[in-house]
Every structure is written in structure tokens, then in C-alpha cells.
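A.B. asks: So that you have it, the file is protein_23.tsv, and it contains TSV, C-alpha atoms:
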chain	number	residue	atom	x	y	z
A	874	MET	CA	-39.01	-61.41	-17.79
A	875	LEU	CA	-37.79	-58.73	-20.17
A	876	GLN	CA	-38.92	-58.82	-23.73
A	877	GLY	CA	-36.75	-57.62	-26.58
A	878	SER	CA	-36.44	-53.95	-27.30
A	879	ALA	CA	-39.61	-52.09	-28.17
A	880	ALA	CA	-39.44	-49.33	-30.73
A	881	PRO	CA	-38.57	-45.92	-29.29
A	882	GLY	CA	-41.78	-43.94	-29.01
A	883	SER	CA	-44.03	-47.00	-28.65
A	884	CYS	CA	-43.85	-47.04	-24.87
A	885	TYR	CA	-44.56	-44.25	-22.38
A	886	PHE	CA	-41.60	-45.27	-20.23
A	887	TYR	CA	-41.29	-41.78	-18.69
A	888	TYR	CA	-44.79	-41.68	-17.11
A	889	PRO	CA	-46.27	-41.19	-14.50
A	890	ARG	CA	-45.42	-37.51	-14.34
A	891	LEU	CA	-46.94	-34.62	-12.39
A	892	VAL	CA	-49.36	-32.54	-14.39
A	893	CYS	CA	-48.66	-28.84	-14.32
A	894	VAL	CA	-50.74	-26.10	-15.85
A	895	VAL	CA	-48.71	-23.42	-17.57
A	896	GLY	CA	-50.34	-19.99	-17.42
A	897	VAL	CA	-49.38	-17.21	-19.83
A	898	ARG	CA	-50.92	-13.78	-20.30
A	899	ASP	CA	-52.69	-13.26	-23.61
A	900	GLU	CA	-52.98	-9.49	-23.61
A	901	ALA	CA	-54.89	-9.36	-26.89
A	902	VAL	CA	-58.03	-10.90	-25.30
A	903	PRO	CA	-57.09	-10.16	-22.44
A	904	THR	CA	-56.95	-13.45	-20.56
A	905	VAL	CA	-54.51	-16.03	-19.27
A	906	ASN	CA	-53.99	-19.01	-21.54
A	907	LEU	CA	-53.75	-22.35	-19.75
A	908	ALA	CA	-51.70	-25.26	-21.11
A	909	PRO	CA	-51.56	-28.53	-19.13
A	910	ILE	CA	-48.20	-30.20	-19.64
A	911	THR	CA	-46.14	-32.98	-18.09
A	912	TRP	CA	-42.82	-32.53	-19.90
A	913	ALA	CA	-41.18	-30.28	-17.36
A	914	THR	CA	-38.23	-30.54	-14.99
A	915	PRO	CA	-36.19	-28.59	-12.50
A	916	LEU	CA	-32.90	-27.68	-14.19
A	917	SER	CA	-30.82	-25.97	-11.51
A	918	THR	CA	-30.87	-25.29	-7.77
A	919	ASP	CA	-28.81	-22.09	-7.78
A	920	PRO	CA	-30.20	-20.17	-9.56
A	921	PRO	CA	-33.58	-21.97	-9.22
A	922	LEU	CA	-34.41	-22.83	-12.84
A	923	PHE	CA	-37.42	-24.79	-14.07
A	924	GLY	CA	-37.90	-25.90	-17.68
A	925	ILE	CA	-41.13	-26.53	-19.55
A	926	CYS	CA	-41.46	-28.10	-23.01
A	927	LEU	CA	-43.87	-26.54	-25.48
A	928	SER	CA	-44.23	-27.11	-29.20
A	929	PRO	CA	-43.42	-24.03	-31.29
A	930	GLN	CA	-46.91	-24.52	-32.79
A	931	ASN	CA	-48.51	-24.14	-29.38
A	932	HIS	CA	-50.35	-20.88	-28.74
A	933	SER	CA	-48.74	-20.56	-25.30
A	934	HIS	CA	-45.27	-20.82	-26.85
A	935	ALA	CA	-45.71	-17.49	-28.66
A	936	LEU	CA	-47.25	-15.92	-25.57
A	937	VAL	CA	-44.31	-16.89	-23.33
A	938	LEU	CA	-41.88	-15.34	-25.81
A	939	ARG	CA	-44.02	-12.19	-25.94
A	940	THR	CA	-44.54	-11.68	-22.20
A	941	GLY	CA	-41.24	-13.15	-20.98
A	942	GLU	CA	-42.86	-15.03	-18.13
A	943	PHE	CA	-45.18	-17.89	-17.15
A	944	SER	CA	-46.80	-19.43	-14.10
A	945	VAL	CA	-46.85	-23.14	-13.27
A	946	SER	CA	-49.77	-24.48	-11.19
A	947	TYR	CA	-50.13	-27.97	-9.69
A	948	LEU	CA	-53.61	-29.39	-9.09
A	949	SER	CA	-54.94	-32.32	-7.12
A	950	HIS	CA	-56.43	-35.45	-8.67
A	951	GLU	CA	-60.02	-34.22	-8.31
A	952	HIS	CA	-59.28	-31.70	-11.09
A	953	ALA	CA	-58.37	-34.32	-13.73
A	954	GLU	CA	-61.47	-33.55	-15.82
A	955	LEU	CA	-60.73	-29.83	-15.81
A	956	VAL	CA	-57.16	-30.46	-16.91
A	957	ALA	CA	-58.30	-32.76	-19.71
A	958	ALA	CA	-60.71	-30.04	-20.88
A	959	MET	CA	-57.90	-27.46	-20.88
A	960	GLY	CA	-55.90	-29.79	-23.10
A	961	ARG	CA	-58.74	-30.27	-25.60
A	962	LEU	CA	-59.43	-26.55	-26.11
A	963	SER	CA	-57.15	-24.19	-28.01
A	964	GLY	CA	-56.37	-20.78	-26.59
A	965	ARG	CA	-56.30	-19.47	-30.16
A	966	SER	CA	-60.08	-19.75	-30.42
A	967	VAL	CA	-61.33	-19.95	-26.84
A	968	ASP	CA	-60.77	-18.05	-23.60
A	969	LYS	CA	-60.23	-21.11	-21.40
A	970	VAL	CA	-60.53	-19.17	-18.16
A	971	ARG	CA	-64.00	-17.93	-19.05
A	972	THR	CA	-65.17	-21.12	-20.80
A	973	LEU	CA	-64.08	-23.43	-17.99
A	974	GLY	CA	-64.85	-21.08	-15.11
A	975	VAL	CA	-61.30	-21.15	-13.81
A	976	ARG	CA	-60.48	-18.96	-10.80
A	977	LEU	CA	-57.18	-17.10	-11.04
A	978	ALA	CA	-54.99	-15.80	-8.23
A	979	GLU	CA	-52.91	-12.64	-8.38
A	980	PRO	CA	-49.15	-12.86	-8.88
A	981	SER	CA	-46.83	-11.30	-6.33
A	982	ALA	CA	-43.39	-11.44	-7.96
A	983	LEU	CA	-44.28	-11.01	-11.66
A	984	ARG	CA	-47.41	-10.21	-13.67
A	985	THR	CA	-48.83	-13.62	-14.64
A	986	PRO	CA	-51.74	-15.04	-12.59
A	987	TRP	CA	-51.84	-18.67	-11.48
A	988	LEU	CA	-54.67	-21.08	-10.61
A	989	ALA	CA	-56.40	-20.34	-7.30
A	990	ASP	CA	-57.21	-24.06	-6.88
A	991	ALA	CA	-53.55	-25.10	-7.12
A	992	TYR	CA	-51.95	-26.73	-4.08
A	993	VAL	CA	-48.74	-25.05	-5.19
A	994	ALA	CA	-47.84	-22.62	-7.98
A	995	VAL	CA	-44.71	-20.80	-9.03
A	996	GLU	CA	-44.01	-17.63	-10.98
A	997	CYS	CA	-41.19	-17.86	-13.52
A	998	SER	CA	-39.36	-15.30	-15.64
A	999	LEU	CA	-38.10	-16.59	-18.98
A	1000	VAL	CA	-34.30	-16.58	-18.90
A	1001	ASP	CA	-33.31	-19.00	-21.68
A	1002	ARG	CA	-34.75	-21.24	-24.37
A	1003	HIS	CA	-33.42	-24.02	-26.52
A	1004	HIS	CA	-34.92	-26.11	-29.32
A	1005	PHE	CA	-34.63	-29.87	-28.95
A	1006	GLY	CA	-36.27	-31.89	-31.73
A	1007	ASP	CA	-39.93	-30.90	-32.15
A	1008	GLN	CA	-40.19	-28.93	-28.90
A	1009	THR	CA	-38.74	-25.86	-27.24
A	1010	LEU	CA	-37.45	-26.04	-23.71
A	1011	LEU	CA	-38.44	-22.73	-22.14
A	1012	VAL	CA	-36.30	-22.07	-19.09
A	1013	GLY	CA	-37.79	-20.05	-16.26
A	1014	GLU	CA	-36.16	-18.69	-13.14
A	1015	VAL	CA	-38.46	-19.25	-10.16
A	1016	GLN	CA	-39.28	-15.83	-8.75
A	1017	GLY	CA	-42.09	-16.75	-6.36
A	1018	VAL	CA	-43.74	-19.81	-4.82
A	1019	HIS	CA	-47.34	-19.98	-3.58
A	1020	ALA	CA	-48.05	-23.07	-1.49
A	1021	ALA	CA	-51.28	-24.07	0.24
A	1022	ALA	CA	-50.73	-23.95	4.00
A	1023	GLU	CA	-51.16	-27.68	4.59
A	1024	ALA	CA	-49.54	-28.95	1.37
A	1025	PHE	CA	-45.87	-29.22	2.35
A	1026	ASP	CA	-44.15	-30.19	5.59
A	1027	GLU	CA	-41.33	-28.38	7.38
A	1028	ASP	CA	-38.77	-29.99	5.03
A	1029	GLY	CA	-40.63	-28.64	1.98
A	1030	VAL	CA	-41.86	-32.15	1.11
A	1031	LEU	CA	-45.39	-32.72	-0.21
A	1032	ARG	CA	-47.79	-34.08	2.44
A	1033	VAL	CA	-49.04	-37.05	0.46
A	1034	ARG	CA	-51.80	-37.79	2.99
A	1035	GLU	CA	-53.22	-34.29	2.52
A	1036	VAL	CA	-52.68	-33.69	-1.19
A	1037	ALA	CA	-53.61	-36.21	-3.91
A	1038	ALA	CA	-51.29	-34.80	-6.57
A	1039	LEU	CA	-52.49	-35.23	-10.16
A	1040	LEU	CA	-50.24	-37.51	-12.20
A	1041	TYR	CA	-50.52	-38.37	-15.89
A	1042	LEU	CA	-49.99	-41.89	-17.25
A	1043	GLY	CA	-50.28	-41.20	-20.99
A	1044	SER	CA	-53.17	-41.85	-23.37
A	1045	ASN	CA	-55.57	-39.57	-21.42
A	1046	ARG	CA	-55.25	-41.53	-18.18
A	1047	TYR	CA	-54.51	-40.08	-14.77
A	1048	ALA	CA	-53.42	-41.39	-11.37
A	1049	THR	CA	-52.38	-40.23	-7.93
A	1050	LEU	CA	-50.06	-41.39	-5.15
A	1051	ALA	CA	-50.69	-44.11	-2.62
A	1052	PRO	CA	-50.40	-42.75	0.92
A	1053	PRO	CA	-47.59	-44.58	2.74
A	1054	ALA	CA	-48.51	-47.29	5.25
A	1055	ARG	CA	-48.84	-45.92	8.77
B	796	MET	CA	-56.06	-21.36	1.97
B	797	LEU	CA	-52.94	-20.14	0.20
B	798	GLN	CA	-50.18	-18.59	2.19
B	799	GLY	CA	-47.95	-15.85	0.83
B	800	SER	CA	-45.09	-16.70	-1.45
B	801	ALA	CA	-42.41	-19.02	-0.10
B	802	ALA	CA	-38.82	-18.43	-1.10
B	803	PRO	CA	-37.82	-20.17	-4.35
B	804	GLY	CA	-35.88	-23.29	-3.43
B	805	SER	CA	-37.53	-23.73	-0.01
B	806	CYS	CA	-40.29	-25.98	-1.36
B	807	TYR	CA	-40.02	-29.17	-3.44
B	808	PHE	CA	-42.96	-28.13	-5.59
B	809	TYR	CA	-41.83	-30.33	-8.51
B	810	TYR	CA	-41.97	-33.67	-6.64
B	811	PRO	CA	-43.09	-36.49	-6.76
B	812	ARG	CA	-41.00	-37.54	-9.73
B	813	LEU	CA	-40.06	-40.94	-11.11
B	814	VAL	CA	-36.65	-42.15	-10.06
B	815	CYS	CA	-34.44	-43.24	-12.91
B	816	VAL	CA	-31.00	-44.77	-12.66
B	817	VAL	CA	-28.55	-43.45	-15.22
B	818	GLY	CA	-25.97	-46.04	-16.28
B	819	VAL	CA	-22.69	-45.02	-17.91
B	820	ARG	CA	-19.69	-47.16	-18.83
B	821	ASP	CA	-16.55	-46.45	-16.82
B	822	GLU	CA	-13.99	-48.18	-19.00
B	823	ALA	CA	-11.09	-47.45	-16.63
B	824	VAL	CA	-12.41	-49.89	-13.99
B	825	PRO	CA	-14.18	-51.36	-16.07
B	826	THR	CA	-17.72	-51.10	-14.72
B	827	VAL	CA	-20.97	-49.23	-15.23
B	828	ASN	CA	-21.45	-46.25	-12.96
B	829	LEU	CA	-24.99	-45.85	-11.63
B	830	ALA	CA	-26.50	-42.45	-10.77
B	831	PRO	CA	-30.09	-42.26	-9.48
B	832	ILE	CA	-31.71	-39.03	-10.61
B	833	THR	CA	-35.17	-37.51	-10.84
B	834	TRP	CA	-34.47	-34.35	-12.84
B	835	ALA	CA	-35.20	-35.80	-16.26
B	836	THR	CA	-37.80	-35.22	-18.95
B	837	PRO	CA	-38.81	-36.24	-22.44
B	838	LEU	CA	-37.87	-33.37	-24.76
B	839	SER	CA	-39.16	-34.40	-28.19
B	840	THR	CA	-41.33	-37.06	-29.81
B	841	ASP	CA	-39.75	-37.00	-33.29
B	842	PRO	CA	-36.86	-37.59	-32.92
B	843	PRO	CA	-37.41	-39.29	-29.52
B	844	LEU	CA	-35.22	-37.21	-27.20
B	845	PHE	CA	-34.86	-37.63	-23.45
B	846	GLY	CA	-32.93	-35.23	-21.22
B	847	ILE	CA	-31.19	-35.91	-17.92
B	848	CYS	CA	-29.70	-33.32	-15.57
B	849	LEU	CA	-26.31	-33.99	-14.02
B	850	SER	CA	-23.97	-31.66	-12.18
B	851	PRO	CA	-20.68	-31.05	-14.01
B	852	GLN	CA	-19.04	-32.23	-10.75
B	853	ASN	CA	-20.76	-35.60	-10.99
B	854	HIS	CA	-18.57	-38.55	-11.98
B	855	SER	CA	-21.20	-39.77	-14.44
B	856	HIS	CA	-21.19	-36.39	-16.20
B	857	ALA	CA	-17.60	-36.91	-17.39
B	858	LEU	CA	-18.34	-40.52	-18.34
B	859	VAL	CA	-21.32	-39.58	-20.52
B	860	LEU	CA	-19.20	-37.05	-22.40
B	861	ARG	CA	-16.46	-39.67	-22.83
B	862	THR	CA	-18.63	-42.59	-24.00
B	863	GLY	CA	-21.31	-40.56	-25.81
B	864	GLU	CA	-24.15	-42.66	-24.42
B	865	PHE	CA	-26.11	-43.64	-21.32
B	866	SER	CA	-28.86	-46.00	-20.22
B	867	VAL	CA	-31.88	-45.03	-18.11
B	868	SER	CA	-33.47	-47.73	-15.91
B	869	TYR	CA	-36.73	-47.50	-13.95
B	870	LEU	CA	-37.19	-49.59	-10.81
B	871	SER	CA	-40.16	-50.51	-8.68
B	872	HIS	CA	-40.75	-49.24	-5.14
B	873	GLU	CA	-39.25	-52.34	-3.51
B	874	HIS	CA	-35.84	-51.13	-4.71
B	875	ALA	CA	-35.95	-47.81	-2.83
B	876	GLU	CA	-33.16	-48.86	-0.44
B	877	LEU	CA	-30.89	-49.89	-3.31
B	878	VAL	CA	-31.47	-46.57	-5.06
B	879	ALA	CA	-30.71	-44.63	-1.88
B	880	ALA	CA	-27.46	-46.58	-1.50
B	881	MET	CA	-26.50	-45.78	-5.12
B	882	GLY	CA	-26.99	-42.11	-4.32
B	883	ARG	CA	-24.82	-42.22	-1.19
B	884	LEU	CA	-21.81	-43.88	-2.88
B	885	SER	CA	-19.53	-42.14	-5.35
B	886	GLY	CA	-18.46	-43.93	-8.50
B	887	ARG	CA	-15.09	-42.18	-8.22
B	888	SER	CA	-14.11	-44.40	-5.29
B	889	VAL	CA	-16.44	-47.40	-5.45
B	890	ASP	CA	-17.62	-49.84	-8.12
B	891	LYS	CA	-21.33	-49.60	-7.30
B	892	VAL	CA	-22.25	-52.63	-9.40
B	893	ARG	CA	-19.92	-54.88	-7.44
B	894	THR	CA	-20.48	-53.25	-4.02
B	895	LEU	CA	-24.26	-53.33	-4.26
B	896	GLY	CA	-24.52	-56.64	-6.16
B	897	VAL	CA	-26.43	-55.06	-9.04
B	898	ARG	CA	-27.32	-57.29	-11.98
B	899	LEU	CA	-26.76	-55.72	-15.39
B	900	ALA	CA	-28.44	-56.58	-18.67
B	901	GLU	CA	-26.80	-56.40	-22.07
B	902	PRO	CA	-27.58	-53.52	-24.41
B	903	SER	CA	-28.94	-54.23	-27.86
B	904	ALA	CA	-28.77	-50.88	-29.65
B	905	LEU	CA	-25.67	-49.33	-28.10
B	906	ARG	CA	-22.90	-50.46	-25.73
B	907	THR	CA	-24.12	-49.38	-22.25
B	908	PRO	CA	-25.73	-52.03	-20.00
B	909	TRP	CA	-28.88	-51.30	-18.00
B	910	LEU	CA	-30.36	-52.72	-14.79
B	911	ALA	CA	-31.74	-56.25	-15.14
B	912	ASP	CA	-34.29	-55.53	-12.37
B	913	ALA	CA	-35.75	-52.54	-14.20
B	914	TYR	CA	-39.38	-52.72	-15.30
B	915	VAL	CA	-38.32	-50.58	-18.26
B	916	ALA	CA	-35.00	-49.24	-19.49
B	917	VAL	CA	-33.86	-47.25	-22.51
B	918	GLU	CA	-30.58	-46.86	-24.33
B	919	CYS	CA	-29.69	-43.30	-25.34
B	920	SER	CA	-26.98	-41.81	-27.54
B	921	LEU	CA	-25.81	-38.34	-26.51
B	922	VAL	CA	-26.86	-35.88	-29.20
B	923	ASP	CA	-26.75	-32.50	-27.46
B	924	ARG	CA	-25.97	-30.84	-24.17
B	925	HIS	CA	-26.62	-27.48	-22.63
B	926	HIS	CA	-25.65	-25.84	-19.34
B	927	PHE	CA	-28.46	-24.34	-17.29
B	928	GLY	CA	-27.42	-22.85	-13.95
B	929	ASP	CA	-25.53	-25.40	-11.86
B	930	GLN	CA	-26.44	-28.44	-13.97
B	931	THR	CA	-25.95	-29.78	-17.48
B	932	LEU	CA	-28.90	-31.07	-19.46
B	933	LEU	CA	-27.55	-34.07	-21.36
B	934	VAL	CA	-29.82	-34.85	-24.29
B	935	GLY	CA	-30.09	-38.42	-25.46
B	936	GLU	CA	-31.82	-39.88	-28.48
B	937	VAL	CA	-33.67	-43.04	-27.49
B	938	GLN	CA	-32.19	-45.88	-29.54
B	939	GLY	CA	-33.76	-48.85	-27.77
B	940	VAL	CA	-36.43	-49.67	-25.19
B	941	HIS	CA	-36.47	-52.75	-22.96
B	942	ALA	CA	-39.82	-53.26	-21.21
B	943	ALA	CA	-40.85	-56.07	-18.88
B	944	ALA	CA	-43.54	-58.13	-20.57
B	945	GLU	CA	-46.32	-57.25	-18.12
B	946	ALA	CA	-45.30	-53.64	-17.39
B	947	PHE	CA	-47.14	-51.74	-20.14
B	948	ASP	CA	-50.51	-52.24	-21.80
B	949	GLU	CA	-51.31	-52.25	-25.50
B	950	ASP	CA	-51.38	-48.43	-25.53
B	951	GLY	CA	-47.87	-48.30	-24.07
B	952	VAL	CA	-49.26	-47.11	-20.71
B	953	LEU	CA	-47.78	-48.37	-17.43
B	954	ARG	CA	-49.93	-51.06	-15.76
B	955	VAL	CA	-50.16	-49.43	-12.37
B	956	ARG	CA	-51.70	-52.55	-10.80
B	957	GLU	CA	-48.69	-54.63	-11.83
B	958	VAL	CA	-45.82	-52.17	-11.37
B	959	ALA	CA	-45.33	-50.05	-8.23
B	960	ALA	CA	-43.13	-47.43	-9.87
B	961	LEU	CA	-40.59	-45.78	-7.57
B	962	LEU	CA	-41.25	-42.08	-7.05
B	963	TYR	CA	-39.17	-39.59	-5.10
B	964	LEU	CA	-40.65	-36.94	-2.80
B	965	GLY	CA	-37.48	-35.08	-1.81
B	966	SER	CA	-35.47	-35.24	1.43
B	967	ASN	CA	-34.72	-38.98	1.03
B	968	ARG	CA	-38.39	-39.99	0.98
B	969	TYR	CA	-40.03	-42.24	-1.58
B	970	ALA	CA	-43.57	-43.11	-2.65
B	971	THR	CA	-45.50	-45.07	-5.24
B	972	LEU	CA	-48.83	-44.82	-7.08
B	973	ALA	CA	-52.24	-45.70	-5.77
B	974	PRO	CA	-53.89	-48.32	-7.99
B	975	PRO	CA	-57.11	-46.86	-9.44
B	976	ALA	CA	-60.43	-47.91	-7.91
B	977	ARG	CA	-61.91	-50.95	-9.67
Let me see the file written as C-alpha cells.
C.D. replies:
Amino acid sequence: MLQGSAAPGSCYFYYPRLVCVVGVRDEAVPTVNLAPITWATPLSTDPPLFGICLSPQNHSHALVLRTGEFSVSYLSHEHAELVAAMGRLSGRSVDKVRTLGVRLAEPSALRTPWLADAYVAVECSLVDRHHFGDQTLLVGEVQGVHAAAEAFDEDGVLRVREVAALLYLGSNRYATLAPPAR
Amino acid sequence: MLQGSAAPGSCYFYYPRLVCVVGVRDEAVPTVNLAPITWATPLSTDPPLFGICLSPQNHSHALVLRTGEFSVSYLSHEHAELVAAMGRLSGRSVDKVRTLGVRLAEPSALRTPWLADAYVAVECSLVDRHHFGDQTLLVGEVQGVHAAAEAFDEDGVLRVREVAALLYLGSNRYATLAPPAR
């Protein structure tokens, strides 16, 4: 059943992954730059740390270092087109919020807005960073969580019947979860 | 629609995530210890780096530092029970491979076996590590990929009609993907 080894990098073995939209204030415009990413992971429970990977060439990378914070917003599958459009545009030349008609919501813990259409979003303060290969892992401490009222159950688990979370498969393809059998 | 901020840590905002089983040689037994985790992420394309989070208290943590390598195996949803059992047992007191009747496959690039039932598995050499909060991010360079013949398409994208990848929701609950509409 198993073929011989494929070359590293030739196979998206690590997908599907949740799409999250990183928001960072660009005070020069002013706007919030929006970077959809999937290379992200919780890193610690206590303190609650969450890491996002950005290329040092990425516009948002410089903005996170400048402002010292970022938001992370999770969207449902119906927003796949919007997310793809965010990925195609560069915040260096375009105000994505204005161009794409994105609605922002006000932060409560820090100063960086998040996406009003998110089913959940978190506010993170930058507490560490580390270069690994061609990316930087930017480590945020979660300072606030904004969750849609129906999105998570009493255990803090996503209600997969209510929220069709947006997952990325690689190569510009998206998916969502199957609801469990009743 | 959005409620006020929830306390950080009270909401599993970062799930669903793919389950991966970390394999590490325990030469004292000898066996391969198996740790199911979900806090993992690609970190770099060139070189191909993949990071896994383990607590310094975890038995596998010490083994990775000792052997300098680990395997990462991805299973389909039908193996959810097996994965849960791996998580309940400790490799300090039990040989999980023998106890759970797990079939291993031989490595080709390094020396650490992987799970024969995996739809994809990779062999990683430890190249870096970094402590973040209560976990260690162990950074592996991908040295070999073993993919089931039907699991990925010509673009290297998971065939979601063929493989029901095992995803974790938090609180001992699992899910899989919905196949896309035809």
C-alpha cells in the first residue's frame, strides 16, 4: 500500500489545516493588514501562547514587529473566496480592508482589530520570535478571546454542526468538516 | 452575534487540528514510543522544517533529545480509538507498540520506524529546539516522506474522498473532513 519515500516538500502531508487571518495595524495608511495563514500552532497552555509563521519578506511581518501585537481570526467555509483574495493582494500596495469591504471589530484587550465575521478571534501580544529556515515564528500571548455565542459548547469545543470551519488543503483548495453521524 | 471576550485558555479556538503520532526510539526497551499530538506545524519550506510541541515532562521529549530524530505518522478517522489509547498510556511504564498491537514500518532515511497504517508519515532529524512557556518546540528537518499510493493527488494534495484524515476537536473528541460536493 505504501509507496517508497517521496521527496520532502513534494507532498502536503501536514494539510488540512485551519485557515486563520492574521490582522496587524498598519499605522502609516492607517488600516489593518490581513494575512491568511495556516502555519500556526498553540505553543503553551500556561501561559497561553500561540505561534504564527510569517516570512520575513511578508509585509505583516514588519508590522507585527513594529506594533508588538496581532489578532487571529477564524472564518467559516463560506468565506473561502474572501480569504483567497486576501492572499492574492499585497498589503504593501493595497488597503485590503477597503478593497475587499472587510468589516472589522474593535479589540478589547489590545489595540488591533479583528474580523467581525469571524466565528472566533483572539488578540495576541508579541512575546517572542525565532527564525526557523525561511520563516519567522512569531509567538503571541493570548490576551483576549472573542467567540460567537453559538460557536463553542460548554467544554470550549467547536460546535461542528453550527460552524463549518474553513480548512486549507494546499494548492488553493479548501475544505470543511463533516458533521458527525447523529 | 459575538459575545464579549472569553478568558484565554477557556476556548479551544485552534481546533480542529490533524492528529499526528510522534514515534521515537526507546533503545532501553527496545521499542518505539508513540505520542499522539496535535500541536505541530510546518515551519519552513526550504529547508523543509516541521515542528512538534512536547512537554519537557513527556517521556518522548527525553527520547527525541537522546536519539536526535522522530517520525510523524498520520492516521485515518477509523483509528481514533487507537490514538486515544496511545494518549492514555505512558511509555515510561508500557510498551505501547506491544500493548496496542501496533504495526511499525521500517525507516528509509533515518533509523526511527513509523506506523504502517499511516496514510502518510515523515522521518525527521532534530535540528533545533526552543522552549515556549510550558512546552518545547522540537524542530525536525524532513528527511523522508512515505505516502500511501492513493492518498495524495499529482499536486501533492490529500485526496479527501479517499482518506478520512483524523482531526481532533479537543476534550477527547474527533472529527474528519466532509468530502466536497461533486
A.B. asks: Show me, as JSON, numbers by chain, the residues that have an atom within 10 Å of range 899-910 of chain A when counting only C-alpha atoms, minus same-chain residues fewer than 4 positions from it.
C.D. replies: {"A": [890, 891, 892, 893, 894, 895, 925, 926, 927, 931, 932, 933, 934, 935, 936, 937, 939, 940, 943, 944, 945, 946, 947, 955, 956, 957, 958, 959, 960, 961, 962, 963, 964, 965, 967, 968, 969, 970, 971, 975, 977, 985, 986, 987, 988, 1041]}
A.B. asks: Counting all atoms listed in the file, figure out which residue out of B:Val922, B:Leu972, B:Leu870, B:Val958 gets nearest to chain A.
C.D. replies: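 Nearest candidate to chain A out of B:Val922, B:Leu972, B:Leu870, B:Val958: B:Leu972.
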A.B. asks: In Å, rounded to a single decimal, give me how far CA of Leu964 in chain B is from CA of His952 in chain A.
C.D. replies: 21.1 Å
A.B. asks: Which of these residues is nearest to Leu916 in chain A, using all atoms listed in the file: B:Glu918, B:Asp929, B:Glu957, B:Asp950?
C.D. replies: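 The shortest atom-to-atom distance to Leu916 in chain A comes from B:Asp929.
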A.B. asks: Given the choices A:Gly1043, A:Gly1029, A:Glu1014, A:Ala953, which gets closest to Arg1002 in chain A if the distance is worked out from all atoms listed in the file?
C.D. replies: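 Among A:Gly1043, A:Gly1029, A:Glu1014, A:Ala953, it is A:Glu1014 that comes nearest to Arg1002 in chain A.
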A.B. asks: Nearest to chain B: which of A:Phe923, A:Val897, A:Leu1010, A:Ala1051 is it, counting only C-alpha atoms?
C.D. replies: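 Under the stated criterion, the closest residue is A:Ala1051.
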A.B. asks: One decimal, Å: what's the distance from CA of Tyr914 in chain B over to CA of Ala946 in chain B, could you say?
C.D. replies: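 That distance, rounded to one decimal, is 6.3 Å.
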A.B. asks: Do you have the CA of Phe947 in chain B-CA of Val915 in chain B distance handy?
C.D. replies: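 If I compute the distance from CA of Phe947 in chain B to CA of Val915 in chain B, I get 9.1 Å.
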A.B. asks: Can you complete the atoms of range 925-936 of chain A to N, CA and C atoms and list them as a short mmCIF file (atom, residue, chain, number, x, y, z; two decimals), keeping the file's coordinate frame?
C.D. replies:
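Output (selection.cif):
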data_model
loop_
_atom_site.label_atom_id
_atom_site.label_comp_id
_atom_site.auth_asym_id
_atom_site.auth_seq_id
_atom_site.Cartn_x
_atom_site.Cartn_y
_atom_site.Cartn_z
N ILE A 925 -39.89 -25.96 -19.03
CA ILE A 925 -41.13 -26.53 -19.55
C ILE A 925 -40.97 -26.72 -21.05
N CYS A 926 -41.51 -27.84 -21.57
CA CYS A 926 -41.46 -28.10 -23.01
C CYS A 926 -42.78 -27.70 -23.66
N LEU A 927 -42.69 -26.89 -24.69
CA LEU A 927 -43.87 -26.54 -25.48
C LEU A 927 -43.50 -26.66 -26.95
N SER A 928 -44.45 -27.10 -27.76
CA SER A 928 -44.23 -27.11 -29.20
C SER A 928 -44.24 -25.68 -29.72
N PRO A 929 -43.38 -25.38 -30.69
CA PRO A 929 -43.42 -24.03 -31.29
C PRO A 929 -44.77 -23.72 -31.91
N GLN A 930 -45.57 -24.74 -32.23
CA GLN A 930 -46.91 -24.52 -32.79
C GLN A 930 -47.94 -24.14 -31.72
N ASN A 931 -47.57 -24.37 -30.47
CA ASN A 931 -48.51 -24.14 -29.38
C ASN A 931 -48.74 -22.64 -29.17
N HIS A 932 -50.01 -22.29 -28.94
CA HIS A 932 -50.35 -20.88 -28.74
C HIS A 932 -49.58 -20.28 -27.57
N SER A 933 -49.44 -21.07 -26.49
CA SER A 933 -48.74 -20.56 -25.30
C SER A 933 -47.27 -20.28 -25.58
N HIS A 934 -46.68 -21.02 -26.50
CA HIS A 934 -45.27 -20.82 -26.85
C HIS A 934 -45.04 -19.37 -27.27
N ALA A 935 -45.86 -18.88 -28.19
CA ALA A 935 -45.71 -17.49 -28.66
C ALA A 935 -45.96 -16.50 -27.52
N LEU A 936 -46.91 -16.84 -26.66
CA LEU A 936 -47.25 -15.92 -25.57
C LEU A 936 -46.10 -15.81 -24.56
#
